[in-house]
file model-v9.cif (mmCIF, C-alpha atoms)
data_input
#
loop_
_atom_site.label_atom_id
_atom_site.label_comp_id
_atom_site.auth_asym_id
_atom_site.auth_seq_id
_atom_site.Cartn_x
_atom_site.Cartn_y
_atom_site.Cartn_z
CA MET V 1 133.76 111.53 -245.42
CA ASP V 2 133.57 114.52 -247.77
CA ALA V 3 129.79 114.16 -247.78
CA ALA V 4 129.75 114.35 -243.99
CA LEU V 5 131.92 117.45 -243.97
CA ARG V 6 129.79 119.13 -246.60
CA ALA V 7 126.71 118.18 -244.62
CA ILE V 8 127.87 119.83 -241.42
CA ALA V 9 129.11 122.95 -243.20
CA GLU V 10 125.48 124.15 -243.32
CA PRO V 11 124.32 125.74 -240.02
CA HIS V 12 120.72 124.49 -240.21
CA ARG V 13 121.96 120.94 -240.59
CA ARG V 14 124.23 121.30 -237.59
CA GLU V 15 121.23 122.58 -235.67
CA ILE V 16 119.21 119.53 -236.76
CA LEU V 17 121.98 117.19 -235.60
CA ARG V 18 122.06 118.93 -232.25
CA LEU V 19 118.30 118.50 -231.88
CA VAL V 20 118.44 114.76 -232.49
CA ALA V 21 121.78 114.04 -230.83
CA ASP V 22 120.17 112.76 -227.63
CA GLU V 23 116.58 112.05 -228.58
CA GLU V 24 114.57 110.84 -231.52
CA LEU V 25 112.33 113.38 -233.19
CA ALA V 26 109.73 113.15 -235.93
CA ALA V 27 110.20 115.23 -239.07
CA GLY V 28 107.39 117.55 -238.00
CA GLU V 29 108.94 118.15 -234.60
CA ILE V 30 112.24 119.02 -236.24
CA ALA V 31 110.55 121.36 -238.70
CA ALA V 32 108.79 123.15 -235.83
CA HIS V 33 112.19 124.44 -234.67
CA PHE V 34 112.81 126.33 -237.90
CA ASP V 35 111.28 129.09 -239.99
CA MET V 36 112.09 127.12 -243.13
CA SER V 37 109.44 125.43 -245.23
CA ARG V 38 108.81 121.73 -244.67
CA PRO V 39 110.34 120.79 -248.05
CA ALA V 40 113.48 122.73 -247.15
CA VAL V 41 113.74 120.85 -243.86
CA SER V 42 113.14 117.57 -245.68
CA GLN V 43 115.95 118.37 -248.07
CA HIS V 44 118.36 118.97 -245.17
CA LEU V 45 117.25 115.70 -243.54
CA ARG V 46 117.91 113.86 -246.79
CA VAL V 47 121.42 115.30 -247.06
CA LEU V 48 122.19 114.24 -243.48
CA VAL V 49 120.86 110.71 -244.02
CA GLU V 50 122.89 110.36 -247.23
CA ALA V 51 126.01 111.60 -245.43
CA GLY V 52 125.56 108.84 -242.85
CA LEU V 53 125.01 111.28 -240.00
CA LEU V 54 121.34 110.61 -239.42
CA ASP V 55 119.26 107.44 -238.99
CA LYS V 56 115.61 107.37 -239.90
CA ARG V 57 112.89 104.86 -239.11
CA ARG V 58 109.20 104.68 -239.78
CA ASP V 59 106.83 104.63 -236.80
CA ALA V 60 103.25 104.15 -238.02
CA THR V 61 102.66 107.25 -240.14
CA ARG V 62 105.62 109.22 -238.88
CA ILE V 63 109.28 109.18 -239.85
CA ILE V 64 111.56 109.47 -236.84
CA TYR V 65 115.14 110.76 -236.98
CA ARG V 66 118.11 110.34 -234.73
CA ALA V 67 121.81 111.24 -235.00
CA ARG V 68 123.87 108.26 -236.14
CA PRO V 69 126.78 107.70 -233.74
CA GLU V 70 128.82 105.74 -236.29
CA GLY V 71 128.70 108.70 -238.65
CA LEU V 72 129.96 110.94 -235.90
CA ALA V 73 132.74 108.48 -235.18
CA GLU V 74 133.87 108.94 -238.77
CA LEU V 75 134.04 112.66 -238.17
CA ARG V 76 136.05 112.02 -235.06
CA GLN V 77 138.48 110.07 -237.21
CA TYR V 78 138.85 113.17 -239.33
CA LEU V 79 140.02 115.12 -236.29
CA GLU V 80 142.54 112.42 -235.43
CA ASP V 81 143.85 112.67 -238.98
CA PHE V 82 144.17 116.42 -238.54
CA TRP V 83 146.64 115.94 -235.69
CA SER V 84 148.44 112.92 -237.09
CA THR V 85 149.11 114.83 -240.31
CA GLY V 86 150.64 117.60 -238.20
CA LEU V 87 152.87 115.17 -236.33
CA ARG V 88 154.02 113.50 -239.52
CA ARG V 89 155.09 116.91 -240.80
CA LEU V 90 156.84 117.52 -237.50
CA ARG V 91 158.76 114.26 -237.87
CA LEU V 92 159.83 115.12 -241.43
CA ALA V 93 161.04 118.56 -240.34
CA VAL V 94 163.00 117.22 -237.35
CA GLU V 95 164.59 114.42 -239.32
CA ARG V 96 165.54 116.82 -242.10
CA GLU V 97 167.36 118.92 -239.50
CA MET V 98 169.18 115.80 -238.25
CA GLU V 99 170.22 114.95 -241.81
CA ASP V 100 171.52 118.47 -242.37
CA GLU V 101 173.57 118.31 -239.18
CA ARG V 102 175.08 114.99 -240.17
CA GLY V 103 175.88 116.44 -243.60
CA GLU V 104 177.69 119.40 -242.10
CA ARG V 105 179.82 117.22 -239.88
CA ARG V 106 181.12 115.29 -242.85
CA MET I 1 129.75 108.19 -226.91
CA ALA I 2 131.39 107.50 -223.59
CA ASN I 3 132.98 110.26 -221.62
CA GLY I 4 136.54 109.20 -222.38
CA ASP I 5 135.82 109.62 -226.06
CA ASP I 6 136.36 113.36 -225.97
CA VAL I 7 140.09 112.80 -226.04
CA VAL I 8 142.19 112.68 -229.16
CA GLU I 9 145.53 110.94 -228.76
CA GLN I 10 148.31 110.67 -231.30
CA GLU I 11 151.78 109.23 -231.09
CA ILE I 12 154.73 109.24 -233.47
CA ARG I 13 158.37 108.13 -233.36
CA VAL I 14 160.94 110.69 -234.46
CA ALA I 15 164.57 109.83 -235.16
CA ALA I 16 166.05 112.56 -232.97
CA PRO I 17 166.53 113.16 -229.25
CA PRO I 18 163.90 115.14 -227.27
CA GLU I 19 166.29 118.11 -227.06
CA VAL I 20 166.06 118.48 -230.84
CA VAL I 21 162.30 117.90 -231.05
CA PHE I 22 161.17 120.16 -228.22
CA PRO I 23 161.96 123.54 -229.88
CA TYR I 24 159.58 122.63 -232.70
CA PHE I 25 156.82 123.55 -230.24
CA THR I 26 158.42 126.69 -228.84
CA ASP I 27 160.66 128.28 -231.48
CA PRO I 28 158.92 130.18 -234.34
CA ASP I 29 161.59 129.32 -236.92
CA ARG I 30 161.21 125.62 -236.21
CA MET I 31 157.43 125.62 -235.86
CA ARG I 32 157.17 127.23 -239.29
CA ARG I 33 158.66 124.07 -240.77
CA TRP I 34 155.62 122.01 -239.81
CA LYS I 35 152.73 124.23 -238.79
CA GLY I 36 151.38 127.65 -239.78
CA VAL I 37 152.72 130.64 -241.68
CA GLU I 38 153.14 133.29 -238.95
CA HIS I 39 154.08 132.64 -235.33
CA LYS I 40 154.19 134.64 -232.12
CA LEU I 41 155.30 132.38 -229.29
CA ASP I 42 156.00 133.23 -225.68
CA PRO I 43 156.87 129.78 -224.35
CA ARG I 44 156.67 130.12 -220.58
CA PRO I 45 153.82 129.28 -218.20
CA GLY I 46 151.20 131.99 -218.64
CA GLY I 47 152.76 133.15 -221.92
CA THR I 48 150.58 133.13 -225.01
CA TYR I 49 151.05 131.93 -228.56
CA ARG I 50 149.38 132.98 -231.78
CA VAL I 51 149.80 130.88 -234.90
CA ASP I 52 148.35 132.02 -238.19
CA MET I 53 147.67 128.70 -239.88
CA ASP I 54 146.99 129.84 -243.44
CA GLY I 55 146.46 133.61 -243.55
CA GLN I 56 142.83 133.18 -242.46
CA HIS I 57 142.62 130.96 -239.41
CA VAL I 58 144.50 131.74 -236.25
CA ALA I 59 145.13 129.32 -233.42
CA HIS I 60 145.57 131.07 -230.12
CA GLY I 61 146.23 129.89 -226.60
CA GLU I 62 148.34 129.98 -223.49
CA TYR I 63 151.30 127.88 -222.46
CA LEU I 64 150.40 126.12 -219.20
CA GLU I 65 153.59 124.14 -218.67
CA VAL I 66 156.93 124.36 -220.47
CA SER I 67 159.35 121.71 -219.22
CA PRO I 68 162.05 121.19 -221.84
CA PRO I 69 162.76 118.76 -223.25
CA HIS I 70 160.06 116.39 -222.05
CA ARG I 71 156.73 118.03 -221.47
CA LEU I 72 154.60 120.87 -222.75
CA ARG I 73 150.96 121.82 -222.15
CA PHE I 74 149.02 124.60 -223.80
CA THR I 75 145.41 125.64 -224.32
CA TRP I 76 144.09 125.46 -227.86
CA GLY I 77 141.37 127.31 -229.74
CA TRP I 78 140.58 129.43 -232.77
CA GLU I 79 140.41 133.23 -232.75
CA GLY I 80 137.32 135.05 -233.95
CA ASP I 81 133.71 135.80 -233.10
CA GLY I 82 131.44 132.87 -232.49
CA GLN I 83 134.16 130.27 -232.59
CA LEU I 84 132.98 126.94 -231.28
CA VAL I 85 136.43 126.22 -229.94
CA PRO I 86 137.45 129.63 -228.62
CA PRO I 87 140.94 130.21 -227.23
CA GLY I 88 141.26 128.44 -223.89
CA ALA I 89 138.50 125.95 -224.66
CA SER I 90 140.65 122.85 -224.88
CA THR I 91 144.08 121.67 -223.79
CA VAL I 92 146.88 119.94 -225.67
CA GLU I 93 149.56 118.02 -223.81
CA VAL I 94 152.75 116.94 -225.56
CA THR I 95 155.20 114.53 -223.97
CA LEU I 96 158.57 113.62 -225.45
CA THR I 97 159.97 110.32 -224.23
CA PRO I 98 163.45 109.17 -225.30
CA ASP I 99 163.62 105.65 -226.71
CA GLY I 100 167.13 104.72 -227.78
CA ASP I 101 168.22 107.39 -230.28
CA ASP I 102 164.58 108.28 -230.99
CA THR I 103 161.83 110.23 -229.30
CA ILE I 104 158.25 109.10 -228.87
CA VAL I 105 156.11 112.20 -229.35
CA ARG I 106 152.71 111.82 -227.75
CA LEU I 107 149.98 114.41 -228.21
CA VAL I 108 146.76 114.33 -226.18
CA HIS I 109 143.99 116.83 -226.89
CA THR I 110 141.44 117.05 -224.06
CA GLY I 111 138.62 119.32 -222.93
CA LEU I 112 136.95 119.27 -226.31
CA PRO I 113 133.84 121.40 -226.14
CA THR I 114 131.19 118.75 -225.76
CA GLU I 115 129.81 120.20 -222.54
CA ALA I 116 128.87 123.53 -224.06
CA THR I 117 126.04 122.01 -226.06
CA GLY I 118 125.07 119.42 -223.48
CA SER I 119 125.64 116.58 -225.89
CA HIS I 120 128.71 114.70 -226.96
CA ALA I 121 127.46 114.08 -230.44
CA ALA I 122 126.47 117.67 -231.06
CA GLY I 123 129.73 118.91 -229.55
CA TRP I 124 131.73 116.85 -231.95
CA VAL I 125 129.71 118.05 -234.88
CA HIS I 126 130.40 121.66 -234.00
CA TYR I 127 134.03 121.12 -233.27
CA LEU I 128 134.65 119.29 -236.49
CA ALA I 129 132.73 121.77 -238.56
CA ARG I 130 135.12 124.41 -237.28
CA LEU I 131 138.17 122.28 -237.86
CA SER I 132 137.08 121.36 -241.35
CA VAL I 133 137.22 125.06 -242.15
CA ALA I 134 140.44 125.69 -240.28
CA GLY I 135 142.19 122.68 -241.70
CA GLY I 136 140.99 123.27 -245.23
CA GLY I 137 138.90 120.11 -245.13
CA GLY I 138 141.71 117.64 -245.56
CA ASP I 139 145.38 117.01 -245.50
CA PRO I 140 146.95 120.46 -245.25
CA GLY I 141 149.91 119.26 -247.28
CA PRO I 142 153.42 120.50 -246.71
CA ASP I 143 153.86 124.06 -245.54
CA PRO I 144 155.45 126.22 -248.22
CA GLY I 145 158.03 127.22 -245.58
CA PRO I 146 160.55 130.04 -245.82
CA SER I 147 162.77 127.99 -248.21
#

call {"tool": "encode", "arguments": {"input": "model-v9.cif", "output": "structure tokens"}}
result
Amino acid sequence: MDAALRAIAEPHRREILRLVADEELAAGEIAAHFDMSRPAVSQHLRVLVEAGLLDKRRDATRIIYRARPEGLAELRQYLEDFWSTGLRRLRLAVEREMEDERGERR
Amino acid sequence: MANGDDVVEQEIRVAAPPEVVFPYFTDPDRMRRWKGVEHKLDPRPGGTYRVDMDGQHVAHGEYLEVSPPHRLRFTWGWEGDGQLVPPGASTVEVTLTPDGDDTIVRLVHTGLPTEATGSHAAGWVHYLARLSVAGGGGDPGPDPGPS
């Protein structure tokens, strides 16, 4: 999960994910969208694959990339955790208030 | 991802009646105990709120419905230039349902900005990138609170 978050912290990598979210693209097609060098693009692709956010497959001489929905589902889980952590803190705060009230009545 | 996937739903049971829980969403002194460090809240329909989460990231939105002690709806977003979830972009609905001596708190976050990029997957990536910054990338831990 940390790898995925680090991966999407970089704007070029978010741009790559957006490019391949709905369609498969070859490495060259992805690179054509950027001013970066091909090795720089390749490095970003590698980071995304290792983070589980990108699938790659070989098609004849080309390597084709596509966003990996399961990886995105893990990110979604992160957002759910964000809210559930908040609600757990809410519960602790409310129940502390209830305890204090009971204590004062004694 | 299917359309219905752009909803985040969370539920928790709290050992207190809704009347006790509700002000934690509308009263700055109570909100401070679980969320953010500085709070400006105007809890009436059309009123705005501004919650400084950590001295850097500010959640900002508008109360759409304030029906104590059972229901509350407000828009949700982050302040600042180029935010991917700008204020007003998404909506959070909180319902408080009594269950015996407890309250079931249900939070539903809808309208997540998947449309803006024309792709669910890309929308989530952007949204989460923003949240990962806002939330500090993990469990925010307990608020220091006023003590």

call {"tool": "residues_around", "arguments": {"input": "model-v9.cif", "residues": "segment 35-49 of chain V", "least_positions_apart": "6", "cutoff": "7 Å", "atoms": "only C-alpha atoms", "output": "short mmCIF file (atom, residue, chain, number, x, y, z; two decimals) with C-alpha atoms, in the coordinates of the input"}}
result
data_model
loop_
_atom_site.label_atom_id
_atom_site.label_comp_id
_atom_site.auth_asym_id
_atom_site.auth_seq_id
_atom_site.Cartn_x
_atom_site.Cartn_y
_atom_site.Cartn_z
CA ALA V 7 126.71 118.18 -244.62
CA ARG V 13 121.96 120.94 -240.59
CA ASP V 55 119.26 107.44 -238.99
#

call {"tool": "closest_residue", "arguments": {"input": "model-v9.cif", "among": "V:Arg102, V:Lys56, V:Arg18, V:Arg68", "to": "chain I", "atoms": "all atoms listed in the file"}}
result
V:Arg18

call {"tool": "closest_residue", "arguments": {"input": "model-v9.cif", "among": "I:Leu41, I:Val51, I:Val58, I:Ile104", "to": "chain V", "atoms": "all atoms listed in the file"}}
result
I:Ile104

call {"tool": "resolve_selection", "arguments": {"input": "model-v9.cif", "expression": "the PyMOL selection byres ((chain V and resi 57) around 12)", "output": "mmCIF file with C-alpha atoms, in the coordinates of the input"}}
result
data_model
loop_
_atom_site.group_PDB
_atom_site.id
_atom_site.type_symbol
_atom_site.label_atom_id
_atom_site.label_comp_id
_atom_site.auth_asym_id
_atom_site.auth_seq_id
_atom_site.Cartn_x
_atom_site.Cartn_y
_atom_site.Cartn_z
ATOM 1 C CA GLU V 24 114.570 110.840 -231.520
ATOM 2 C CA LEU V 25 112.330 113.380 -233.190
ATOM 3 C CA ALA V 26 109.730 113.150 -235.930
ATOM 4 C CA ALA V 27 110.200 115.230 -239.070
ATOM 5 C CA VAL V 49 120.860 110.710 -244.020
ATOM 6 C CA LEU V 54 121.340 110.610 -239.420
ATOM 7 C CA ASP V 55 119.260 107.440 -238.990
ATOM 8 C CA LYS V 56 115.610 107.370 -239.900
ATOM 9 C CA ARG V 58 109.200 104.680 -239.780
ATOM 10 C CA ASP V 59 106.830 104.630 -236.800
ATOM 11 C CA ALA V 60 103.250 104.150 -238.020
ATOM 12 C CA THR V 61 102.660 107.250 -240.140
ATOM 13 C CA ARG V 62 105.620 109.220 -238.880
ATOM 14 C CA ILE V 63 109.280 109.180 -239.850
ATOM 15 C CA ILE V 64 111.560 109.470 -236.840
ATOM 16 C CA TYR V 65 115.140 110.760 -236.980
ATOM 17 C CA ARG V 66 118.110 110.340 -234.730
ATOM 18 C CA ALA V 67 121.810 111.240 -235.000
ATOM 19 C CA ARG V 68 123.870 108.260 -236.140
#

call {"tool": "resolve_selection", "arguments": {"input": "model-v9.cif", "expression": "the PyMOL selection byres ((chain I and resi 69) around 6)", "output": "compact mmCIF listing (two decimals) with C-alpha atoms, in the coordinates of the input"}}
result
# COMPACT_ATOMS: atom_id res chain seq x y z
CA PRO I 18 163.90 115.14 -227.27
CA GLU I 19 166.29 118.11 -227.06
CA PHE I 22 161.17 120.16 -228.22
CA PRO I 68 162.05 121.19 -221.84
CA HIS I 70 160.06 116.39 -222.05

call {"tool": "residues_near_point", "arguments": {"input": "model-v9.cif", "point": "(150.5, 127.5, -222.1)", "cutoff": "8 Å", "atoms": "all atoms listed in the file", "output": "PDB file with C-alpha atoms, in the frame of the given file"}}
result
ATOM      1  CA  PRO I  43     156.870 129.780-224.350  1.00  0.00           C
ATOM      2  CA  ARG I  44     156.670 130.120-220.580  1.00  0.00           C
ATOM      3  CA  PRO I  45     153.820 129.280-218.200  1.00  0.00           C
ATOM      4  CA  GLY I  46     151.200 131.990-218.640  1.00  0.00           C
ATOM      5  CA  GLY I  47     152.760 133.150-221.920  1.00  0.00           C
ATOM      6  CA  THR I  48     150.580 133.130-225.010  1.00  0.00           C
ATOM      7  CA  TYR I  49     151.050 131.930-228.560  1.00  0.00           C
ATOM      8  CA  GLY I  61     146.230 129.890-226.600  1.00  0.00           C
ATOM      9  CA  GLU I  62     148.340 129.980-223.490  1.00  0.00           C
ATOM     10  CA  TYR I  63     151.300 127.880-222.460  1.00  0.00           C
ATOM     11  CA  LEU I  64     150.400 126.120-219.200  1.00  0.00           C
ATOM     12  CA  GLU I  65     153.590 124.140-218.670  1.00  0.00           C
ATOM     13  CA  VAL I  66     156.930 124.360-220.470  1.00  0.00           C
ATOM     14  CA  LEU I  72     154.600 120.870-222.750  1.00  0.00           C
ATOM     15  CA  ARG I  73     150.960 121.820-222.150  1.00  0.00           C
ATOM     16  CA  PHE I  74     149.020 124.600-223.800  1.00  0.00           C
ATOM     17  CA  THR I  75     145.410 125.640-224.320  1.00  0.00           C
TER      18      THR I  75
END

call {"tool": "residues_near_point", "arguments": {"input": "model-v9.cif", "point": "(156.0, 111.0, -235.1)", "cutoff": "8 Å", "atoms": "all atoms listed in the file", "output": "PyMOL selection string"}}
result
(chain V and resi 87-88+90-91) or (chain I and resi 11-14+104-105)

call {"tool": "write_last_selection", "arguments": {"input": "model-v9.cif", "atoms": "C-alpha atoms", "output": "PDB file, in the coordinates of the input"}}
result
ATOM      1  CA  LEU V  87     152.870 115.170-236.330  1.00  0.00           C
ATOM      2  CA  ARG V  88     154.020 113.500-239.520  1.00  0.00           C
ATOM      3  CA  LEU V  90     156.840 117.520-237.500  1.00  0.00           C
ATOM      4  CA  ARG V  91     158.760 114.260-237.870  1.00  0.00           C
TER       5      ARG V  91
ATOM      6  CA  GLU I  11     151.780 109.230-231.090  1.00  0.00           C
ATOM      7  CA  ILE I  12     154.730 109.240-233.470  1.00  0.00           C
ATOM      8  CA  ARG I  13     158.370 108.130-233.360  1.00  0.00           C
ATOM      9  CA  VAL I  14     160.940 110.690-234.460  1.00  0.00           C
ATOM     10  CA  ILE I 104     158.250 109.100-228.870  1.00  0.00           C
ATOM     11  CA  VAL I 105     156.110 112.200-229.350  1.00  0.00           C
TER      12      VAL I 105
END

call {"tool": "residues_around", "arguments": {"input": "model-v9.cif", "residues": "Val7 of chain I", "least_positions_apart": "4", "cutoff": "7 Å", "atoms": "all atoms listed in the file", "output": "list in words"}}
result
Val108, His109 and Thr110 of chain I

call {"tool": "atom_distance", "arguments": {"input": "model-v9.cif", "atom1": "atom CA of His57 of chain I", "atom2": "atom CA of Glu79 of chain I"}}
result
7.4 Å

call {"tool": "resolve_selection", "arguments": {"input": "model-v9.cif", "expression": "the PyMOL selection byres ((chain I and resi 38) around 12)", "output": "ChimeraX atom specification"}}
result
/I:27-37,39-41,49-60,143-146

call {"tool": "residues_around", "arguments": {"input": "model-v9.cif", "residues": "Gln10 of chain I", "least_positions_apart": "2", "cutoff": "8 Å", "atoms": "only C-alpha atoms", "output": "ChimeraX atom specification"}}
result
/V:80,83-84 /I:8,12,106-108

call {"tool": "write_last_selection", "arguments": {"input": "model-v9.cif", "atoms": "C-alpha atoms", "output": "PDB file, keeping the file's coordinate frame"}}
result
ATOM      1  CA  GLU V  80     142.540 112.420-235.430  1.00  0.00           C
ATOM      2  CA  TRP V  83     146.640 115.940-235.690  1.00  0.00           C
ATOM      3  CA  SER V  84     148.440 112.920-237.090  1.00  0.00           C
TER       4      SER V  84
ATOM      5  CA  VAL I   8     142.190 112.680-229.160  1.00  0.00           C
ATOM      6  CA  ILE I  12     154.730 109.240-233.470  1.00  0.00           C
ATOM      7  CA  ARG I 106     152.710 111.820-227.750  1.00  0.00           C
ATOM      8  CA  LEU I 107     149.980 114.410-228.210  1.00  0.00           C
ATOM      9  CA  VAL I 108     146.760 114.330-226.180  1.00  0.00           C
TER      10      VAL I 108
END

call {"tool": "atom_distance", "arguments": {"input": "model-v9.cif", "atom1": "atom CA of Ile30 of chain V", "atom2": "atom CA of Pro11 of chain V"}}
result
14.3 Å
